[in-house]
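Working notes, beginning with the structure itself.
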Amino acid sequence: MLRSLLLVSLLASSAAAQSPPDFSAVDDLIADSLNQIGGGATVFVMQDGEVLHRRGYGTYTTTTVAATASGAKWLSAGVIASLVSDGTLTLDDSLAMFFPTLEGEKRAITVGQMFSHTSGMHGNVTGGRAPCVLNRLVSLGACAEAILDRPLTHKPGAAFDYGSNSMHVAARVAELATGERWVDLFDQRIAQPLGMTDTGYPSAFNPWIAGGMRTTVDDYGAFLQMLLDDGVASER
């Protein structure tokens, strides 16, 4: 059973509402489902930059800091996209550029493949998350090396296998390309411009790139609104 739920919904319609929409049915549904979803939830609905509905239920308020689980993947992808945008990386950059001692097919794995789950590294279907990913006593760099020591399960680009490992390695590539820690890259490129003051990783030493972010509904909503605005940060 889920212990918590963070629900963010953004509507991008350009049609202006003639009267405030009625969300009573949504409120009733969430309230009646609290026992099944772990006791707390947040609903946040936005249209054309205007908040239409924002409410916490049960044990949650609209300022509750909650785990995003795989919702962290979007936030992490935002960091990579910013590095691509300013020319620090390209999605076609290969691991050989940053790990010159790699051998075989691993050398050709690209940043784009690592963030699209097509790198050939172990995913949920073929062995799952490497133990070091959740080990806060191991650095991100050391964990990336341990992941790269594992054999590939597919030829790079040949199959989709959803999971954490490849994103962990890609984050290390971002560190090597910039000389900065991943957590600082996230703070400088995503959190600060968007005013996401309640968002971050529990571990700065080995942040879980694909699932370890914690945030609030307002902070995550600011990130999603930026995506709807073609990558431009809006004032909060």
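Residue names in the structure tokens use chain letters A, B, ... in the order shown, residue numbers from 1 in each chain, and ligand numbers from 1 in the order shown.
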Mind dumping a table of every region 12-65 of chain A residue within 8 Å of region 218-229 of chain A, with the nearest atom pair and its distance in Å to one decimal, using only C-alpha atoms, sorted by chain and rising number, as CSV?
```
residue,atom,partner,partner_atom,distance
A:Ala12,CA,A:Leu228,CA,7.2
A:Phe44,CA,A:Gly221,CA,7.6
A:Gly49,CA,A:Gln225,CA,7.2
A:Thr62,CA,A:Asp218,CA,7.2
A:Thr63,CA,A:Asp218,CA,7.4
```
Please write the residues from the selection above to a file, keeping N, CA and C atoms, as a PDB file, in the first residue's frame.
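Saved to result_11.pdb:
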```pdb
ATOM      1  N   ALA A  12      -2.892  22.851 -19.640  1.00  0.00           N
ATOM      2  CA  ALA A  12      -2.298  23.859 -20.519  1.00  0.00           C
ATOM      3  C   ALA A  12      -3.293  24.455 -21.501  1.00  0.00           C
ATOM      4  N   PHE A  44      -3.027  19.774  -7.118  1.00  0.00           N
ATOM      5  CA  PHE A  44      -2.629  21.107  -7.577  1.00  0.00           C
ATOM      6  C   PHE A  44      -2.961  21.190  -9.060  1.00  0.00           C
ATOM      7  N   GLY A  49      -1.058  29.376 -16.266  1.00  0.00           N
ATOM      8  CA  GLY A  49      -0.324  30.063 -15.211  1.00  0.00           C
ATOM      9  C   GLY A  49      -1.150  30.438 -14.009  1.00  0.00           C
ATOM     10  N   THR A  62      -0.450  21.679   1.673  1.00  0.00           N
ATOM     11  CA  THR A  62       0.175  22.083   0.412  1.00  0.00           C
ATOM     12  C   THR A  62       1.648  22.411   0.577  1.00  0.00           C
ATOM     13  N   THR A  63       2.142  22.407   1.801  1.00  0.00           N
ATOM     14  CA  THR A  63       3.570  22.641   2.039  1.00  0.00           C
ATOM     15  C   THR A  63       4.286  21.382   2.508  1.00  0.00           C
TER      16      THR A  63
END
```
- Query: If you run DSSP on this backbone, which residues of region 2-211 of chain A come out as alpha helix (DSSP H), and could you give them as a PyMOL selection string?
  - Reply: chain A and resi 24-37+72-85+111-114+140-149+165-178+182-186+192-194
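For the pair CA of Ala72 (chain A) and CA of Gly211 (chain A), the interatomic distance is 5.1 Å.
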- Item | Point-to-point distance in Å for CA of Thr216 (chain A) and CA of Thr68 (chain A) |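 Going from CA of Thr68 (chain A) over to CA of Thr216 (chain A), I get 8.9 Å.
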- Task: Take CA of Ser116 (chain A) and CA of Arg172 (chain A) and report the distance between them in Å, one decimal.
- Result: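 Answer for the CA of Ser116 (chain A) to CA of Arg172 (chain A) separation: 16.1 Å.
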- Please identify all polymer residues within 7 Å of region 141-149 of chain A, counting only C-alpha atoms, omitting same-chain residues fewer than 6 positions from it, and present them as a list in words. Ala130, Cys132, Val133, Asn165, His168, Val169 and Arg172 of chain A
- Message: Calculated over only C-alpha atoms, which of the candidates A:Asp198, A:Asp28, A:Asp22, A:Glu175 has the smallest distance to Thr64 (chain A)?
- Response: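 Of the candidates, the smallest distance to Thr64 (chain A) is held by A:Asp198.
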DSSP strand (DSSP E) residues within region 6-201 of chain A, listed as a CSV table (one decimal) with all heavy atoms, in the first residue's frame:
```
chain,number,residue,atom,x,y,z
A,9,SER,N,-1.1,18.2,-11.1
A,9,SER,CA,-1.8,18.2,-12.4
A,9,SER,C,-1.8,19.6,-12.9
A,9,SER,O,-2.2,20.5,-12.3
A,9,SER,CB,-3.3,17.7,-12.2
A,9,SER,OG,-3.9,17.8,-13.5
A,10,LEU,N,-1.2,19.7,-14.1
A,10,LEU,CA,-1.1,21.0,-14.8
A,10,LEU,C,-1.9,21.0,-16.1
A,10,LEU,O,-1.7,20.1,-16.9
A,10,LEU,CB,0.3,21.4,-15.1
A,10,LEU,CG,1.1,22.0,-13.9
A,10,LEU,CD1,2.6,22.0,-14.2
A,10,LEU,CD2,0.6,23.3,-13.6
A,11,LEU,N,-2.8,21.9,-16.3
A,11,LEU,CA,-3.6,22.0,-17.5
A,11,LEU,C,-3.1,23.1,-18.4
A,11,LEU,O,-3.0,24.3,-17.9
A,11,LEU,CB,-5.1,22.2,-17.1
A,11,LEU,CG,-5.7,21.2,-16.1
A,11,LEU,CD1,-7.1,21.5,-15.8
A,11,LEU,CD2,-5.5,19.8,-16.6
A,40,GLY,N,-2.6,10.6,3.0
A,40,GLY,CA,-2.4,12.0,2.7
A,40,GLY,C,-2.2,12.1,1.2
A,40,GLY,O,-1.8,11.2,0.5
A,41,ALA,N,-2.6,13.3,0.7
A,41,ALA,CA,-2.5,13.6,-0.7
A,41,ALA,C,-2.6,15.1,-0.9
A,41,ALA,O,-3.0,15.8,-0.1
A,41,ALA,CB,-3.6,12.9,-1.5
A,42,THR,N,-2.1,15.5,-2.1
A,42,THR,CA,-2.1,16.9,-2.5
A,42,THR,C,-2.6,17.0,-3.9
A,42,THR,O,-2.1,16.2,-4.8
A,42,THR,CB,-0.8,17.6,-2.3
A,42,THR,OG1,-0.2,17.4,-1.1
A,42,THR,CG2,-0.9,19.1,-2.5
A,43,VAL,N,-3.5,17.9,-4.2
A,43,VAL,CA,-3.9,18.1,-5.6
A,43,VAL,C,-3.6,19.6,-5.9
A,43,VAL,O,-3.9,20.5,-5.2
A,43,VAL,CB,-5.4,17.9,-5.8
A,43,VAL,CG1,-5.9,18.3,-7.1
A,43,VAL,CG2,-5.7,16.4,-5.6
A,44,PHE,N,-3.0,19.8,-7.1
A,44,PHE,CA,-2.6,21.1,-7.6
A,44,PHE,C,-3.0,21.2,-9.1
A,44,PHE,O,-2.4,20.4,-9.9
A,44,PHE,CB,-1.1,21.3,-7.3
A,44,PHE,CG,-0.6,22.6,-7.8
A,44,PHE,CD1,-1.0,23.8,-7.2
A,44,PHE,CD2,0.5,22.7,-8.7
A,44,PHE,CE1,-0.5,25.0,-7.6
A,44,PHE,CE2,1.0,23.9,-9.1
A,44,PHE,CZ,0.6,25.0,-8.5
A,45,VAL,N,-3.9,22.1,-9.4
A,45,VAL,CA,-4.3,22.2,-10.8
A,45,VAL,C,-4.0,23.6,-11.3
A,45,VAL,O,-4.4,24.6,-10.6
A,45,VAL,CB,-5.8,21.9,-11.0
A,45,VAL,CG1,-6.2,22.0,-12.5
A,45,VAL,CG2,-6.1,20.5,-10.4
A,46,MET,N,-3.4,23.8,-12.4
A,46,MET,CA,-3.1,25.1,-13.0
A,46,MET,C,-3.5,25.2,-14.4
A,46,MET,O,-3.4,24.2,-15.2
A,46,MET,CB,-1.6,25.4,-12.8
A,46,MET,CG,-1.1,26.7,-13.3
A,46,MET,SD,0.7,27.0,-13.1
A,46,MET,CE,0.7,27.3,-11.3
A,47,GLN,N,-4.0,26.3,-14.8
A,47,GLN,CA,-4.3,26.6,-16.2
A,47,GLN,C,-3.8,27.9,-16.6
A,47,GLN,O,-4.1,28.9,-16.0
A,47,GLN,CB,-5.8,26.5,-16.4
A,47,GLN,CG,-6.3,26.8,-17.8
A,47,GLN,CD,-7.8,26.6,-18.0
A,47,GLN,OE1,-8.3,25.6,-17.7
A,47,GLN,NE2,-8.4,27.7,-18.4
A,50,GLU,N,-2.4,30.2,-14.0
A,50,GLU,CA,-3.3,30.5,-12.9
A,50,GLU,C,-3.7,29.2,-12.1
A,50,GLU,O,-4.1,28.2,-12.7
A,50,GLU,CB,-4.6,31.1,-13.4
A,50,GLU,CG,-5.6,31.5,-12.3
A,50,GLU,CD,-6.9,32.0,-12.8
A,50,GLU,OE1,-7.0,32.1,-14.1
A,50,GLU,OE2,-7.8,32.2,-12.0
A,51,VAL,N,-3.5,29.3,-10.8
A,51,VAL,CA,-3.8,28.2,-9.9
A,51,VAL,C,-5.3,28.1,-9.8
A,51,VAL,O,-6.0,29.0,-9.3
A,51,VAL,CB,-3.2,28.3,-8.6
A,51,VAL,CG1,-3.6,27.1,-7.7
A,51,VAL,CG2,-1.7,28.3,-8.7
A,52,LEU,N,-5.9,27.0,-10.2
A,52,LEU,CA,-7.3,26.7,-10.2
A,52,LEU,C,-7.8,26.0,-8.9
A,52,LEU,O,-8.8,26.2,-8.4
A,52,LEU,CB,-7.8,26.0,-11.4
A,52,LEU,CG,-7.6,26.6,-12.7
A,52,LEU,CD1,-8.2,25.8,-13.8
A,52,LEU,CD2,-8.1,28.0,-12.8
A,53,HIS,N,-6.9,25.1,-8.5
A,53,HIS,CA,-7.2,24.3,-7.3
A,53,HIS,C,-5.9,23.8,-6.6
A,53,HIS,O,-5.0,23.3,-7.3
A,53,HIS,CB,-8.1,23.1,-7.7
A,53,HIS,CG,-8.7,22.4,-6.5
A,53,HIS,ND1,-9.6,23.0,-5.7
A,53,HIS,CD2,-8.6,21.1,-6.1
A,53,HIS,CE1,-10.0,22.2,-4.7
A,53,HIS,NE2,-9.5,21.0,-5.0
A,54,ARG,N,-5.8,24.0,-5.3
A,54,ARG,CA,-4.6,23.7,-4.6
A,54,ARG,C,-5.1,23.3,-3.2
A,54,ARG,O,-5.5,24.2,-2.4
A,54,ARG,CB,-3.7,24.9,-4.6
A,54,ARG,CG,-2.4,24.7,-3.8
A,54,ARG,CD,-1.6,26.0,-3.9
A,54,ARG,NE,-0.4,26.0,-3.1
A,54,ARG,CZ,-0.4,26.5,-1.8
A,54,ARG,NH1,-1.5,26.9,-1.3
A,54,ARG,NH2,0.8,26.4,-1.1
A,55,ARG,N,-4.9,22.0,-2.8
A,55,ARG,CA,-5.5,21.6,-1.5
A,55,ARG,C,-4.7,20.4,-1.0
A,55,ARG,O,-4.3,19.5,-1.8
A,55,ARG,CB,-7.0,21.3,-1.7
A,55,ARG,CG,-7.6,20.9,-0.4
A,55,ARG,CD,-9.1,20.7,-0.5
A,55,ARG,NE,-9.7,20.2,0.7
A,55,ARG,CZ,-10.9,19.9,0.9
A,55,ARG,NH1,-11.8,20.1,-0.1
A,55,ARG,NH2,-11.4,19.4,2.0
A,56,GLY,N,-4.5,20.3,0.3
A,56,GLY,CA,-4.0,19.1,0.9
A,56,GLY,C,-5.1,18.4,1.6
A,56,GLY,O,-6.1,18.9,2.0
A,57,TYR,N,-4.9,17.0,1.7
A,57,TYR,CA,-6.0,16.2,2.3
A,57,TYR,C,-5.3,15.3,3.3
A,57,TYR,O,-4.2,14.8,3.2
A,57,TYR,CB,-6.6,15.3,1.2
A,57,TYR,CG,-7.1,16.0,0.0
A,57,TYR,CD1,-6.3,16.5,-1.0
A,57,TYR,CD2,-8.5,16.3,-0.1
A,57,TYR,CE1,-6.8,17.1,-2.1
A,57,TYR,CE2,-9.0,17.0,-1.2
A,57,TYR,CZ,-8.1,17.4,-2.2
A,57,TYR,OH,-8.6,18.1,-3.3
A,58,GLY,N,-6.1,14.9,4.4
A,58,GLY,CA,-5.6,14.0,5.4
A,58,GLY,C,-4.3,14.6,6.1
A,58,GLY,O,-4.3,15.7,6.6
A,66,ALA,N,7.5,15.9,0.3
A,66,ALA,CA,7.2,14.4,0.1
A,66,ALA,C,8.2,13.9,-1.0
A,66,ALA,O,8.7,14.6,-1.8
A,66,ALA,CB,5.8,14.2,-0.4
A,67,ALA,N,8.4,12.6,-0.9
A,67,ALA,CA,9.2,11.9,-1.9
A,67,ALA,C,8.5,11.9,-3.2
A,67,ALA,O,7.3,11.7,-3.3
A,67,ALA,CB,9.5,10.5,-1.4
```
- Message: Nearest residue to Trp182 (chain A) out of A:Phe99, A:Tyr201, A:Phe160, A:Phe115, using only C-alpha atoms?
- Response: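 Using only C-alpha atoms, the shortest distance to Trp182 (chain A) belongs to A:Tyr201.
Across A:Ser70, A:Ala170, A:Leu29, A:Ala81, the tightest approach to Asp230 (chain A) is made by A:Ala81 when counting only C-alpha atoms.
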- Task: Can you work out which one of A:Ser119, A:Thr61, A:Thr178, A:Asn135 has the shortest atom-to-atom distance to Thr153 (chain A), counting only C-alpha atoms?
- Result: A:Ser119
Skip Gln113 (chain A) itself and residues of its chain fewer than 2 positions away, then list as a short mmCIF file (atom, residue, chain, number, x, y, z; two decimals) with N, CA and C atoms, in the first residue's frame all residues within 12 Å of it, counting only C-alpha atoms.
```cif
data_model
loop_
_atom_site.label_atom_id
_atom_site.label_comp_id
_atom_site.auth_asym_id
_atom_site.auth_seq_id
_atom_site.Cartn_x
_atom_site.Cartn_y
_atom_site.Cartn_z
N THR A 90 26.33 17.29 -25.07
CA THR A 90 25.33 16.99 -26.08
C THR A 90 24.76 15.62 -25.74
N LEU A 91 23.57 15.33 -26.23
CA LEU A 91 22.97 14.03 -25.97
C LEU A 91 23.71 12.91 -26.68
N ASP A 92 24.57 13.26 -27.63
CA ASP A 92 25.35 12.25 -28.36
C ASP A 92 26.74 12.05 -27.76
N ASP A 93 27.10 12.79 -26.72
CA ASP A 93 28.39 12.58 -26.07
C ASP A 93 28.44 11.15 -25.51
N SER A 94 29.56 10.49 -25.71
CA SER A 94 29.69 9.09 -25.31
C SER A 94 30.45 8.94 -24.00
N LEU A 95 30.29 7.79 -23.39
CA LEU A 95 31.01 7.52 -22.14
C LEU A 95 32.52 7.51 -22.35
N LYS A 106 30.47 -0.45 -24.18
CA LYS A 106 30.15 0.60 -23.20
C LYS A 106 30.69 1.95 -23.63
N ALA A 108 30.57 3.44 -26.34
CA ALA A 108 29.71 4.16 -27.27
C ALA A 108 28.39 4.62 -26.65
N ILE A 109 28.11 4.23 -25.41
CA ILE A 109 26.85 4.63 -24.77
C ILE A 109 26.79 6.15 -24.67
N THR A 110 25.66 6.72 -25.04
CA THR A 110 25.53 8.18 -25.06
C THR A 110 24.72 8.69 -23.87
N VAL A 111 24.84 9.99 -23.64
CA VAL A 111 24.05 10.64 -22.60
C VAL A 111 22.56 10.46 -22.88
N PHE A 115 19.58 8.54 -20.45
CA PHE A 115 18.37 9.16 -19.92
C PHE A 115 17.10 8.71 -20.64
N SER A 116 17.23 7.81 -21.60
CA SER A 116 16.05 7.26 -22.25
C SER A 116 15.93 5.76 -22.00
N HIS A 117 16.73 5.23 -21.07
CA HIS A 117 16.66 3.83 -20.65
C HIS A 117 16.99 2.87 -21.80
N THR A 118 17.85 3.29 -22.69
CA THR A 118 18.24 2.43 -23.81
C THR A 118 19.76 2.22 -23.86
N SER A 119 20.42 2.39 -22.71
CA SER A 119 21.89 2.32 -22.68
C SER A 119 22.42 0.90 -22.74
N GLY A 120 21.59 -0.10 -22.40
CA GLY A 120 22.07 -1.46 -22.28
C GLY A 120 22.51 -1.82 -20.88
N MET A 121 22.52 -0.84 -19.96
CA MET A 121 22.83 -1.14 -18.55
C MET A 121 21.64 -1.82 -17.90
N LYS A 155 22.86 -4.58 -26.31
CA LYS A 155 23.68 -3.66 -27.08
C LYS A 155 23.11 -2.25 -26.90
N PRO A 156 23.95 -1.23 -26.67
CA PRO A 156 23.43 0.13 -26.50
C PRO A 156 22.50 0.54 -27.63
N GLY A 157 21.33 1.04 -27.25
CA GLY A 157 20.34 1.49 -28.22
C GLY A 157 19.41 0.41 -28.72
N ALA A 158 19.63 -0.85 -28.31
CA ALA A 158 18.86 -1.96 -28.88
C ALA A 158 17.58 -2.27 -28.13
N ALA A 159 17.48 -1.86 -26.87
CA ALA A 159 16.31 -2.24 -26.07
C ALA A 159 16.03 -1.20 -25.01
N PHE A 160 14.77 -1.12 -24.59
CA PHE A 160 14.34 -0.23 -23.52
C PHE A 160 14.26 -1.03 -22.23
N ASP A 161 14.93 -0.54 -21.18
CA ASP A 161 14.90 -1.22 -19.88
C ASP A 161 14.91 -0.14 -18.80
N TYR A 162 13.75 0.19 -18.30
CA TYR A 162 13.55 1.28 -17.35
C TYR A 162 14.26 1.00 -16.03
N ASN A 165 20.08 2.84 -12.93
CA ASN A 165 21.53 2.77 -13.06
C ASN A 165 22.10 3.73 -14.09
N SER A 166 21.50 3.77 -15.26
CA SER A 166 22.07 4.60 -16.33
C SER A 166 22.01 6.08 -15.99
N MET A 167 20.94 6.51 -15.31
CA MET A 167 20.84 7.92 -14.93
C MET A 167 21.89 8.29 -13.89
N VAL A 169 24.90 7.04 -13.78
CA VAL A 169 26.14 7.23 -14.54
C VAL A 169 26.11 8.56 -15.29
N ALA A 170 24.96 8.89 -15.87
CA ALA A 170 24.85 10.16 -16.60
C ALA A 170 25.08 11.35 -15.69
#
```
